[in-house]
Amino acid sequence: MKYPFKETEKKWQTIWEEKGVYKTDLSETEKKHYCLVMFIYPSAAKMHIGHWYNYGPTDSYSRFKKLRGFNVFEPMGYDAFGLPAENYAIKTGVHPKDSTLKNINDIREMVKHMGGMYDWSAELMTCVPEYYKWNQYLFLKLYERGLAYRKNAPVNWCPSCHTVLAREQVLNDGSCERCGTTVVQKALTQWFFKITDYADELLDGLNKIDWPEKTKLMQQNWIGRSHGTEVDFTIEGLDEKITVFTTRPDTLFGVTYVVLAPEKELVQKITKPEYKEAVNKYIDSIKSLSEVDRTSTVKEKTGVPTGAYAINPVNGEKVPIWIADYVLATYGTGYVMAVPGHDERDFEFAKKFNLPIRKVILQDGTNETDELTEAFTETGTMINSGKYNGLNSDIGIEEISKDLETQSLGKRTTNYRLRDWLISRQRYWGTPIPIIHCEKCGEVPVPEDQLPVVLPYDVNFKPDGGSPLAAKSDFINVKCPKCGNNAKRDPDTMDTFVDSSWYYLRYLNPNYSEGMFDSALANKWAPVDTYVGGAEHAVMHLLYARFVHKFLRDIGLVNSDEPFQKLIHQGTITSQGAKMSKSKGNVVDPNSFINEYGADVFRMYMMFMGPYELGGDWSDKGIVGVDRFVQRSYAIFETHKDIARLNPSKDKYIISELNETEKNIYRKVNSTLEKVQTEIDNFHFNTAVAALMELLNELKNLAECKADVKTYILERFAVMIAPLAPHLGEECWNLLGKETSLFEKPIWFNVDPDALTKDNTTIVVQINGKVRSKIDMAVDLPQDEVRAKVFTDEKVKSYTDGKTIVKEIYVQNKIYTIVIK
């Protein structure tokens with residue numbers, strides 16, 4: 001009989017739901033395991049294959065942990081605010097709330113159809129006031145501590161999405177991550193979270209978590225901690241100074257010009273009248289350039305002089321001040337000392353604009369008079385550097401830094417590439433910012449007892465470059481909570497990464513009304529034990545969540561340092577060797593295959609395609625092979641109905657009492673059990689499935705086994721397949737005569753270590769260092785018996801007869817070494 005997947009899947013999904021099999025008792029924490037997939041964005045009504053690849057294998061891992069005796073918490077939720085729903089609404093006229101809630105309902109049914117082991121009592125969505133009230137609470141707590149602030153700053157602006165983007169949301173080519181439009185720079189007053197206050201802890205904490213090294217390295221580079229020296233240059237004729245940061249103060253004598261970010265206010269103060277026109281023209285010309293464009297190492301260098309001069313503090317030399325787009329106002333101090341002899345970018349700039357290039361660090365093996373054909377950026381011997389001449393440049397760094405501090409001309413400091421998190425968005429579908437602007441009182445936080453500030457439904461959200469909420473008069477116009485005068489709400493909404501920065505804590509009690517989340521449960525269940533999601537979130541969601549978690553710890557809401565202890569990234573499923581897209585006509589529709597083969601076959605084939613972290617290429621033929629495996633597996637159990645009830649097995653068998661077929665299968669079952677549990681535990685699903693396929697092939701001789709031994713074998717096969725194909729596993733277990741669901745009363749069998757040892761072994765015989773024979777014999781024979789067999793071997797005799805035996809060494813069960821002369 002063919003496996004009736006439709007009836008079987010419906011049957012077990014109903015049983016699981018009726019019996020509340022997946023409801024987690026959060027009071028039991030002795031063997032707790034919190035397993036979480038990054039929650040889904042409900043921008044479409046269908047789960048595509050990428051969702052399946054994220055959710056299906058991780059659910060198999062959770063099921064495996066449950067069978068192993070862990071109290072597994074696996075919740076489901078929806079990252080429901082954001083641009084895609086709003087853009088869809090603009091395009092179709094369907095309100096984002098309506099489309100989002102409909103999509104959530106559709107996705108929920110699909111996830112249940114997949115057979116996911118989700119605790120539906122913990123379901124949450126971020127677009128409801130019961131959730132986003134606590135985003136606003138978080139904002140206010142950050143504001144109270146000076147970690148939420150507002151300032152005018154150059155920001156990344158997407159002309160298509162009509163909103164600001166955080167630096168992390170701009171792709172390497174300078175385009176918007178959402179729509180692909182080229183991002184431009186725009187000066188706006190925006191809200192920021194001061195993530196930079198946690199820079200050191202965010203770096204140091206990476207040593208405490210089990211994350212992919214590549215992801216940790218990306219965060220390290222993004223935070224970009226560098227130790228160096230701040231140096232003060234005065235400006236000729238003005239009571240102003242320029243403070244630069246450098247990691248190479250040993251090159252200060254090589255400074256031949258200084259560069260300012262064009263946006264710095266100081267530029268207009270210092271520019272000489274005859275240079276004003278060129279400077280302003282240049283500033284206008286770069287306004288459309290993104291930060292990525294400006295800092296590109298391959299872009300042609302541009303800049304103009306201001307006519308002003310700075311005074312080098314180490315030698316009193318006047319050097320010209322330029323502006324150039326490669327210096328950013330938001331990075332470091334916005335001022336750069338240029339040492340073209342020892343910095344590649346400065347060298348190119350100096351060559352283009354015919355500025356002096358001075359050698360102050362001598363490369364070993366070269367002469368001081370040799371002309372530089374490129375910047376020398378390594379360490380060497382200091383030259384043309386006054387009293388520091390002859391010093392190794394590493395020592396020079398310390399000596400010059402010390403002298404600058406003594407003379408109050410500079411100080412040693414630490415600099416970071418990380419910038420504060422820009423959270424303002426000029427869009428509708430997000431959390432309203434809980435601030436009121438009063439002409440008399442300034443910024444006034446909304447009192448906590450007035451939260452949530454509810455997002456109104458009836459809003460014209462078509463973008464015009466401003467915030468849609470600004471035009472909603474009955475929302476925007478309010479009384480000041482402090483003085484009672486007329487005031488206005490902040491019209492912006494929060495970056496949706498705020499929503500996802502703490503959601504894992506809310507899952508523990510999504511209906512909790514006394515605070516952001518239930519701290520008592522969070523202290524027992526956080527951090528998340530296993531977190532699964534895309535590597536593209538390395539410097540966005542994963543960094544923001546770490547920052548927010550540490551802040552919540554600091555205000556006493558959690559007792560742990562990190563949100564996610566172990567992190568797994570899934571790979572990408574391709575089709576015909578390319579990324580799936582409608583234009584290429586290579587999109588795989590999960591529903592068509594599920595309807596033909598069932599959810600278990602679809603899930604198992606995705607896991608079988610390749611290593612989980614790498615993904616694989618979809619093949620219609622490949623899924624047929626997995627279906628064949630499922631059909632053969634089901635057939636074996638179908639022909640052995642009630643065998644476990646009628647012929648109970650022992651927990652363990654004495655191998656010597658089994659016949660040869662039983663021995664072989666008994667050993668194979670136990671070696672497979674060891675293999676499967678190791679591989680699933682490490683997210684190596686493909687090799688786990690392959691091991692079960694090998695075992696199934698071994699069962700071709702099952703008929704030669706006694707009935708109780710068959711029970712032993714089939715019980716373990718059913719349990720091993722259950723996490724990978726849960727409906728099939730349950731049905732096979734049931735066919736054996738088991739009355740309760742595997743996941744209702746979880747079981748995982750122990751490996752019999754005796755079954756992992758071999759009856760025979762091959763002894764390699766070496767004579768004078770060369771292999772001369774290989775002899776099969778029983779394991780663990782006494783050495784005198786091994787010796788007797790070795791010296792009666794014809795090959796060995798041909799080399800040893802008539803020779804003197806000088807030495808014999810025996811490595812048990814492996815090598816017998818003979819030295820002759």
# chains A, B, ... in the order shown; residues from 1 in each chain; ligands from 1
>>> residues_around(residues="Thr181 (chain A)", least_positions_apart="2", cutoff="9 Å", atoms="only C-alpha atoms", output="ChimeraX atom specification")
/A:158-161,174-179,183
>>> select_by_dssp(residues="region 72-273 of chain A", states="strand (DSSP E)", output="number ranges by chain")
A: 72-73, 77-78, 124-125, 148-158, 163-165, 184-193, 226-235, 241-246, 257-260
>>> residues_around(residues="Pro782 (chain A)", least_positions_apart="6", cutoff="12 Å", atoms="only C-alpha atoms", output="number ranges by chain")
A: 788-789, 810-813
>>> closest_atom_pairs(of="region 135-216 of chain A", to="region 507-528 of chain A", cutoff="9 Å", atoms="only C-alpha atoms", output="tab-separated table")
residue	atom	partner	partner_atom	distance
A:Asn135	CA	A:Met516	CA	8.2
A:Tyr137	CA	A:Met516	CA	7.6
A:Leu138	CA	A:Met516	CA	8.1
>>> closest_atom_pairs(of="region 144-228 of chain A", to="region 245-262 of chain A", cutoff="8 Å", atoms="only C-alpha atoms", output="JSON lines")
{"residue": "A:Ser226", "atom": "CA", "partner": "A:Thr247", "partner_atom": "CA", "distance": 7.4}
{"residue": "A:His227", "atom": "CA", "partner": "A:Thr247", "partner_atom": "CA", "distance": 6.4}
{"residue": "A:Gly228", "atom": "CA", "partner": "A:Thr247", "partner_atom": "CA", "distance": 4.1}
>>> residues_around(residues="region 675-687 of chain A", least_positions_apart="6", cutoff="10 Å", atoms="only C-alpha atoms", output="short mmCIF file (atom, residue, chain, number, x, y, z; two decimals) with all heavy atoms, in the first residue's frame")
data_model
loop_
_atom_site.label_atom_id
_atom_site.label_comp_id
_atom_site.auth_asym_id
_atom_site.auth_seq_id
_atom_site.Cartn_x
_atom_site.Cartn_y
_atom_site.Cartn_z
N PRO A 57 13.78 22.43 8.62
CA PRO A 57 14.91 21.75 9.27
C PRO A 57 15.07 22.16 10.74
O PRO A 57 15.40 21.32 11.58
CB PRO A 57 16.11 22.20 8.44
CG PRO A 57 15.53 22.48 7.08
CD PRO A 57 14.19 23.08 7.36
N THR A 58 14.83 23.44 11.05
CA THR A 58 14.97 23.86 12.46
C THR A 58 13.91 23.20 13.32
O THR A 58 14.15 22.83 14.48
CB THR A 58 14.87 25.39 12.57
OG1 THR A 58 15.83 25.98 11.70
CG2 THR A 58 15.15 25.85 13.99
N SER A 60 12.77 20.25 12.74
CA SER A 60 13.27 18.89 12.91
C SER A 60 14.29 18.83 14.04
O SER A 60 14.31 17.88 14.84
CB SER A 60 13.90 18.39 11.61
OG SER A 60 12.89 18.12 10.65
N TYR A 61 15.13 19.84 14.13
CA TYR A 61 16.09 19.91 15.23
C TYR A 61 15.37 20.01 16.57
O TYR A 61 15.73 19.33 17.55
CB TYR A 61 17.01 21.12 15.02
CG TYR A 61 17.93 21.42 16.18
CD1 TYR A 61 19.11 20.70 16.36
CD2 TYR A 61 17.62 22.43 17.10
CE1 TYR A 61 19.96 20.97 17.42
CE2 TYR A 61 18.46 22.70 18.17
CZ TYR A 61 19.63 21.98 18.33
OH TYR A 61 20.46 22.24 19.39
N SER A 62 14.33 20.85 16.63
CA SER A 62 13.56 21.00 17.88
C SER A 62 12.88 19.69 18.27
O SER A 62 12.86 19.31 19.44
CB SER A 62 12.49 22.10 17.71
OG SER A 62 13.09 23.37 17.57
N PHE A 64 13.87 16.72 17.49
CA PHE A 64 14.95 15.83 17.94
C PHE A 64 15.29 16.11 19.41
O PHE A 64 15.43 15.18 20.22
CB PHE A 64 16.17 16.02 17.05
CG PHE A 64 17.44 15.44 17.59
CD1 PHE A 64 17.65 14.07 17.61
CD2 PHE A 64 18.44 16.27 18.10
CE1 PHE A 64 18.83 13.53 18.12
CE2 PHE A 64 19.61 15.74 18.61
CZ PHE A 64 19.80 14.37 18.63
N LYS A 65 15.42 17.39 19.76
CA LYS A 65 15.75 17.74 21.15
C LYS A 65 14.63 17.29 22.09
O LYS A 65 14.90 16.84 23.21
CB LYS A 65 15.99 19.24 21.28
CG LYS A 65 17.14 19.79 20.48
CD LYS A 65 18.48 19.18 20.84
CE LYS A 65 19.14 19.83 22.01
NZ LYS A 65 20.54 19.36 22.21
N ARG A 68 14.86 13.71 22.73
CA ARG A 68 16.03 13.45 23.59
C ARG A 68 15.78 13.84 25.04
O ARG A 68 16.68 13.76 25.88
CB ARG A 68 17.24 14.21 23.06
CG ARG A 68 17.72 13.77 21.70
CD ARG A 68 18.62 12.57 21.77
NE ARG A 68 19.96 12.91 22.19
CZ ARG A 68 20.88 12.04 22.57
NH1 ARG A 68 20.58 10.75 22.61
NH2 ARG A 68 22.08 12.41 22.94
N ILE A 568 22.85 29.75 14.16
CA ILE A 568 23.02 28.93 12.96
C ILE A 568 22.50 29.74 11.77
O ILE A 568 21.41 30.32 11.83
CB ILE A 568 22.20 27.62 13.05
CG1 ILE A 568 22.61 26.80 14.28
CG2 ILE A 568 22.34 26.80 11.77
CD1 ILE A 568 23.94 26.14 14.20
N GLN A 570 21.26 29.46 7.82
CA GLN A 570 20.89 28.53 6.76
C GLN A 570 21.43 29.04 5.43
O GLN A 570 21.66 30.23 5.25
CB GLN A 570 19.36 28.36 6.68
CG GLN A 570 18.62 29.45 5.93
CD GLN A 570 18.31 30.66 6.80
OE1 GLN A 570 18.89 30.83 7.87
NE2 GLN A 570 17.39 31.50 6.35
N MET A 604 12.03 16.65 4.02
CA MET A 604 13.20 15.79 4.04
C MET A 604 14.09 16.00 2.82
O MET A 604 15.32 15.96 2.92
CB MET A 604 12.79 14.32 4.16
CG MET A 604 13.84 13.51 4.90
SD MET A 604 13.51 11.74 5.03
CE MET A 604 11.82 11.71 5.45
N TYR A 605 13.47 16.28 1.68
CA TYR A 605 14.30 16.50 0.49
C TYR A 605 15.12 17.79 0.64
O TYR A 605 16.30 17.83 0.27
CB TYR A 605 13.46 16.58 -0.78
CG TYR A 605 14.32 16.94 -1.98
CD1 TYR A 605 15.44 16.17 -2.31
CD2 TYR A 605 14.07 18.09 -2.73
CE1 TYR A 605 16.27 16.51 -3.36
CE2 TYR A 605 14.90 18.43 -3.79
CZ TYR A 605 16.00 17.65 -4.09
OH TYR A 605 16.84 18.00 -5.12
N MET A 606 14.51 18.83 1.20
CA MET A 606 15.28 20.06 1.42
C MET A 606 16.48 19.80 2.32
O MET A 606 17.57 20.36 2.11
CB MET A 606 14.38 21.14 2.04
CG MET A 606 13.43 21.78 1.06
SD MET A 606 12.72 23.28 1.72
CE MET A 606 11.92 22.65 3.17
N MET A 607 16.29 18.94 3.32
CA MET A 607 17.39 18.63 4.24
C MET A 607 18.44 17.75 3.59
O MET A 607 19.62 17.79 3.96
CB MET A 607 16.85 17.96 5.50
CG MET A 607 16.05 18.89 6.38
SD MET A 607 15.61 18.18 7.97
CE MET A 607 14.20 17.21 7.54
N PHE A 608 18.04 16.96 2.61
CA PHE A 608 18.93 16.01 1.95
C PHE A 608 19.77 16.66 0.85
O PHE A 608 20.79 16.13 0.43
CB PHE A 608 18.09 14.86 1.38
CG PHE A 608 18.91 13.74 0.79
CD1 PHE A 608 19.86 13.08 1.54
CD2 PHE A 608 18.72 13.35 -0.54
CE1 PHE A 608 20.62 12.04 1.00
CE2 PHE A 608 19.47 12.32 -1.08
CZ PHE A 608 20.42 11.66 -0.31
N MET A 609 19.35 17.85 0.39
CA MET A 609 19.97 18.49 -0.77
C MET A 609 21.44 18.83 -0.58
O MET A 609 22.22 18.84 -1.52
CB MET A 609 19.21 19.77 -1.14
CG MET A 609 17.87 19.50 -1.76
SD MET A 609 16.86 20.99 -1.84
CE MET A 609 17.83 21.98 -2.92
N GLY A 610 21.82 19.16 0.64
CA GLY A 610 23.20 19.57 0.88
C GLY A 610 23.36 20.05 2.31
O GLY A 610 22.39 20.08 3.08
N PRO A 611 24.58 20.44 2.70
CA PRO A 611 24.79 20.97 4.05
C PRO A 611 23.87 22.16 4.32
O PRO A 611 23.71 23.04 3.46
CB PRO A 611 26.26 21.40 4.02
CG PRO A 611 26.88 20.56 2.94
CD PRO A 611 25.81 20.39 1.91
N TYR A 612 23.28 22.20 5.50
CA TYR A 612 22.25 23.22 5.81
C TYR A 612 22.79 24.64 5.67
O TYR A 612 22.10 25.53 5.18
CB TYR A 612 21.71 22.99 7.22
CG TYR A 612 20.56 23.90 7.58
CD1 TYR A 612 19.36 23.85 6.87
CD2 TYR A 612 20.65 24.80 8.62
CE1 TYR A 612 18.30 24.68 7.19
CE2 TYR A 612 19.59 25.63 8.96
CZ TYR A 612 18.42 25.57 8.25
OH TYR A 612 17.37 26.40 8.56
N GLU A 613 24.04 24.84 6.07
CA GLU A 613 24.60 26.19 6.04
C GLU A 613 24.95 26.64 4.62
O GLU A 613 25.17 27.82 4.38
CB GLU A 613 25.82 26.29 6.95
CG GLU A 613 27.06 25.55 6.47
CD GLU A 613 27.04 24.07 6.81
OE1 GLU A 613 25.99 23.55 7.25
OE2 GLU A 613 28.09 23.42 6.61
N VAL A 669 21.97 -0.73 12.96
CA VAL A 669 20.98 0.12 13.64
C VAL A 669 21.66 1.00 14.68
O VAL A 669 21.40 2.20 14.77
CB VAL A 669 19.87 -0.75 14.30
CG1 VAL A 669 19.08 0.07 15.32
CG2 VAL A 669 18.93 -1.30 13.26
N MET A 693 18.91 6.16 4.94
CA MET A 693 18.77 5.47 3.64
C MET A 693 19.65 4.23 3.58
O MET A 693 19.25 3.18 3.07
CB MET A 693 19.11 6.43 2.50
CG MET A 693 18.07 7.53 2.30
SD MET A 693 18.56 8.69 0.99
CE MET A 693 17.05 9.66 0.79
N MET A 720 14.15 7.38 14.85
CA MET A 720 15.16 8.18 14.13
C MET A 720 14.53 9.00 13.00
O MET A 720 14.97 10.12 12.71
CB MET A 720 16.25 7.27 13.57
CG MET A 720 17.24 6.79 14.61
SD MET A 720 18.65 5.92 13.89
CE MET A 720 17.96 4.29 13.60
N ILE A 721 13.52 8.44 12.35
CA ILE A 721 12.92 9.16 11.23
C ILE A 721 11.93 10.22 11.70
O ILE A 721 11.60 11.16 10.98
CB ILE A 721 12.25 8.18 10.24
CG1 ILE A 721 12.22 8.79 8.83
CG2 ILE A 721 10.84 7.78 10.68
CD1 ILE A 721 11.83 7.82 7.75
N PRO A 723 11.95 12.90 13.86
CA PRO A 723 12.22 14.34 13.78
C PRO A 723 12.33 14.86 12.35
O PRO A 723 11.99 16.01 12.07
CB PRO A 723 13.55 14.51 14.53
CG PRO A 723 14.18 13.17 14.52
CD PRO A 723 13.06 12.17 14.49
N LEU A 724 12.78 14.01 11.44
CA LEU A 724 13.00 14.43 10.06
C LEU A 724 11.73 14.39 9.23
O LEU A 724 11.55 15.20 8.32
CB LEU A 724 14.07 13.52 9.41
CG LEU A 724 15.41 13.49 10.15
CD1 LEU A 724 16.29 12.37 9.62
CD2 LEU A 724 16.13 14.83 10.01
N TRP A 748 13.97 8.43 23.11
CA TRP A 748 15.13 8.29 22.23
C TRP A 748 15.98 7.17 22.79
O TRP A 748 16.30 7.16 23.98
CB TRP A 748 15.94 9.58 22.14
CG TRP A 748 16.99 9.53 21.06
CD1 TRP A 748 18.29 9.15 21.21
CD2 TRP A 748 16.81 9.82 19.67
NE1 TRP A 748 18.94 9.20 19.99
CE2 TRP A 748 18.06 9.62 19.02
CE3 TRP A 748 15.73 10.25 18.91
CZ2 TRP A 748 18.24 9.82 17.66
CZ3 TRP A 748 15.90 10.45 17.55
CH2 TRP A 748 17.15 10.24 16.94
N VAL A 751 22.38 4.14 22.47
CA VAL A 751 23.21 3.32 21.59
C VAL A 751 23.85 2.20 22.43
O VAL A 751 24.33 2.44 23.54
CB VAL A 751 24.32 4.18 20.93
CG1 VAL A 751 25.26 3.31 20.12
CG2 VAL A 751 23.70 5.27 20.07
#
>>> select_by_dssp(residues="region 211-305 of chain A", states="alpha helix (DSSP H)", output="number ranges by chain")
A: 213-223, 265-270, 276-285, 291-295
>>> closest_residue(among="A:Lys102, A:Lys411, A:Arg345, A:Lys269", to="Val298 (chain A)", atoms="only C-alpha atoms")
A:Arg345
>>> residues_around(residues="Cys35 (chain A)", least_positions_apart="2", cutoff="9 Å", atoms="only C-alpha atoms", output="list in words")
His33, Val37, Thr58, Asp59, Tyr61, Ser62, Val72, Phe73, Glu74, Pro75, Val528, Asp529, Thr530, Tyr531 and Val532 of chain A
>>> write_last_selection(atoms="all heavy atoms", output="compact mmCIF listing (two decimals), in the first residue's frame")
# COMPACT_ATOMS: atom_id res chain seq x y z
N HIS A 33 15.25 23.95 26.54
CA HIS A 33 15.93 24.31 25.28
C HIS A 33 15.03 25.26 24.49
O HIS A 33 13.96 24.87 24.02
CB HIS A 33 16.26 23.09 24.42
CG HIS A 33 17.20 23.41 23.31
ND1 HIS A 33 18.57 23.31 23.43
CD2 HIS A 33 16.98 23.88 22.05
CE1 HIS A 33 19.14 23.70 22.30
NE2 HIS A 33 18.20 24.04 21.45
N VAL A 37 13.52 30.38 15.35
CA VAL A 37 13.85 30.85 14.00
C VAL A 37 13.49 32.33 13.93
O VAL A 37 12.48 32.75 14.50
CB VAL A 37 13.05 30.07 12.94
CG1 VAL A 37 13.31 30.62 11.54
CG2 VAL A 37 13.45 28.60 12.96
N THR A 58 14.83 23.44 11.05
CA THR A 58 14.97 23.86 12.46
C THR A 58 13.91 23.20 13.32
O THR A 58 14.15 22.83 14.48
CB THR A 58 14.87 25.39 12.57
OG1 THR A 58 15.83 25.98 11.70
CG2 THR A 58 15.15 25.85 13.99
N ASP A 59 12.71 23.03 12.76
CA ASP A 59 11.67 22.31 13.49
C ASP A 59 12.09 20.85 13.72
O ASP A 59 11.83 20.27 14.78
CB ASP A 59 10.36 22.35 12.72
CG ASP A 59 9.26 21.58 13.41
OD1 ASP A 59 8.82 22.01 14.50
OD2 ASP A 59 8.84 20.54 12.88
N TYR A 61 15.13 19.84 14.13
CA TYR A 61 16.09 19.91 15.23
C TYR A 61 15.37 20.01 16.57
O TYR A 61 15.73 19.33 17.55
CB TYR A 61 17.01 21.12 15.02
CG TYR A 61 17.93 21.42 16.18
CD1 TYR A 61 19.11 20.70 16.36
CD2 TYR A 61 17.62 22.43 17.10
CE1 TYR A 61 19.96 20.97 17.42
CE2 TYR A 61 18.46 22.70 18.17
CZ TYR A 61 19.63 21.98 18.33
OH TYR A 61 20.46 22.24 19.39
N SER A 62 14.33 20.85 16.63
CA SER A 62 13.56 21.00 17.88
C SER A 62 12.88 19.69 18.27
O SER A 62 12.86 19.31 19.44
CB SER A 62 12.49 22.10 17.71
OG SER A 62 13.09 23.37 17.57
N VAL A 72 11.42 21.61 25.21
CA VAL A 72 11.68 22.51 24.09
C VAL A 72 10.60 23.58 23.99
O VAL A 72 9.41 23.27 24.03
CB VAL A 72 11.76 21.73 22.77
CG1 VAL A 72 11.98 22.67 21.59
CG2 VAL A 72 12.90 20.70 22.83
N PHE A 73 11.05 24.82 23.87
CA PHE A 73 10.14 25.94 23.59
C PHE A 73 10.43 26.44 22.20
O PHE A 73 11.53 26.90 21.91
CB PHE A 73 10.33 27.05 24.63
CG PHE A 73 9.41 28.22 24.45
CD1 PHE A 73 8.03 28.05 24.31
CD2 PHE A 73 9.91 29.53 24.44
CE1 PHE A 73 7.18 29.14 24.16
CE2 PHE A 73 9.07 30.61 24.30
CZ PHE A 73 7.70 30.42 24.15
N GLU A 74 9.45 26.30 21.31
CA GLU A 74 9.60 26.70 19.91
C GLU A 74 8.37 27.54 19.53
O GLU A 74 7.35 27.00 19.10
CB GLU A 74 9.72 25.47 19.01
CG GLU A 74 10.03 25.84 17.56
CD GLU A 74 10.04 24.61 16.63
OE1 GLU A 74 9.42 23.59 16.95
OE2 GLU A 74 10.68 24.72 15.57
N PRO A 75 8.46 28.85 19.69
CA PRO A 75 7.30 29.71 19.39
C PRO A 75 7.30 30.23 17.95
O PRO A 75 8.27 30.06 17.21
CB PRO A 75 7.47 30.85 20.38
CG PRO A 75 8.95 30.98 20.54
CD PRO A 75 9.54 29.60 20.34
N VAL A 528 18.32 32.68 24.31
CA VAL A 528 17.84 31.65 23.40
C VAL A 528 18.98 30.66 23.19
O VAL A 528 20.12 31.05 22.93
CB VAL A 528 17.40 32.27 22.05
CG1 VAL A 528 17.11 31.21 21.02
CG2 VAL A 528 16.20 33.19 22.25
N ASP A 529 18.67 29.38 23.32
CA ASP A 529 19.73 28.36 23.20
C ASP A 529 20.21 28.18 21.76
O ASP A 529 21.41 28.07 21.51
CB ASP A 529 19.23 27.03 23.75
CG ASP A 529 18.95 27.11 25.25
OD1 ASP A 529 19.92 27.15 26.02
OD2 ASP A 529 17.77 27.16 25.62
N THR A 530 19.26 28.11 20.83
CA THR A 530 19.61 27.94 19.42
C THR A 530 18.78 28.91 18.59
O THR A 530 17.54 28.86 18.63
CB THR A 530 19.35 26.50 18.94
OG1 THR A 530 20.07 25.59 19.78
CG2 THR A 530 19.80 26.31 17.51
N TYR A 531 19.45 29.78 17.85
CA TYR A 531 18.77 30.80 17.04
C TYR A 531 19.17 30.59 15.59
O TYR A 531 20.37 30.44 15.28
CB TYR A 531 19.20 32.19 17.51
CG TYR A 531 18.34 33.34 17.01
CD1 TYR A 531 16.95 33.28 17.06
CD2 TYR A 531 18.92 34.51 16.53
CE1 TYR A 531 16.17 34.33 16.64
CE2 TYR A 531 18.15 35.58 16.12
CZ TYR A 531 16.77 35.48 16.17
OH TYR A 531 15.99 36.55 15.76
N VAL A 532 18.19 30.56 14.69
CA VAL A 532 18.46 30.23 13.29
C VAL A 532 17.92 31.32 12.38
O VAL A 532 16.77 31.76 12.52
CB VAL A 532 17.80 28.87 12.93
CG1 VAL A 532 18.14 28.49 11.50
CG2 VAL A 532 18.25 27.78 13.89
>>> closest_residue(among="A:Lys264, A:Arg772, A:His48, A:Lys276", to="Lys797 (chain A)", atoms="only C-alpha atoms")
A:Arg772
>>> residues_around(residues="region 661-663 of chain A", least_positions_apart="4", cutoff="9 Å", atoms="only C-alpha atoms", output="list in words")
Ile655, Ser656, Glu657, Arg667, Lys668, Asn701, Leu702, Glu704, Cys705, Lys706, Val709, Lys710 and Ala755 of chain A
>>> atom_distance(atom1="CA of Lys186 (chain A)", atom2="CA of Ser288 (chain A)")
8.4 Å
>>> residues_around(residues="Asp627 (chain A)", least_positions_apart="3", cutoff="6 Å", atoms="only C-alpha atoms", output="ChimeraX atom specification")
/A:601,624,630
>>> write_last_selection(atoms="all heavy atoms", output="CSV table (one decimal), in the first residue's frame")
chain,number,residue,atom,x,y,z
A,601,VAL,N,7.9,14.6,2.8
A,601,VAL,CA,8.9,14.3,1.7
A,601,VAL,C,9.5,15.7,1.3
A,601,VAL,O,10.8,15.7,1.1
A,601,VAL,CB,8.2,13.7,0.5
A,601,VAL,CG1,9.1,13.7,-0.7
A,601,VAL,CG2,7.7,12.3,0.9
A,624,VAL,N,12.0,12.8,-6.0
A,624,VAL,CA,11.4,11.5,-6.3
A,624,VAL,C,12.2,10.4,-5.5
A,624,VAL,O,11.6,9.5,-5.0
A,624,VAL,CB,11.5,11.2,-7.8
A,624,VAL,CG1,11.1,9.8,-8.1
A,624,VAL,CG2,10.6,12.2,-8.6
A,630,VAL,N,10.7,7.1,1.4
A,630,VAL,CA,9.5,7.2,2.3
A,630,VAL,C,8.6,6.0,2.0
A,630,VAL,O,8.1,5.4,3.0
A,630,VAL,CB,8.8,8.6,2.2
A,630,VAL,CG1,7.4,8.5,2.9
A,630,VAL,CG2,9.6,9.7,2.8
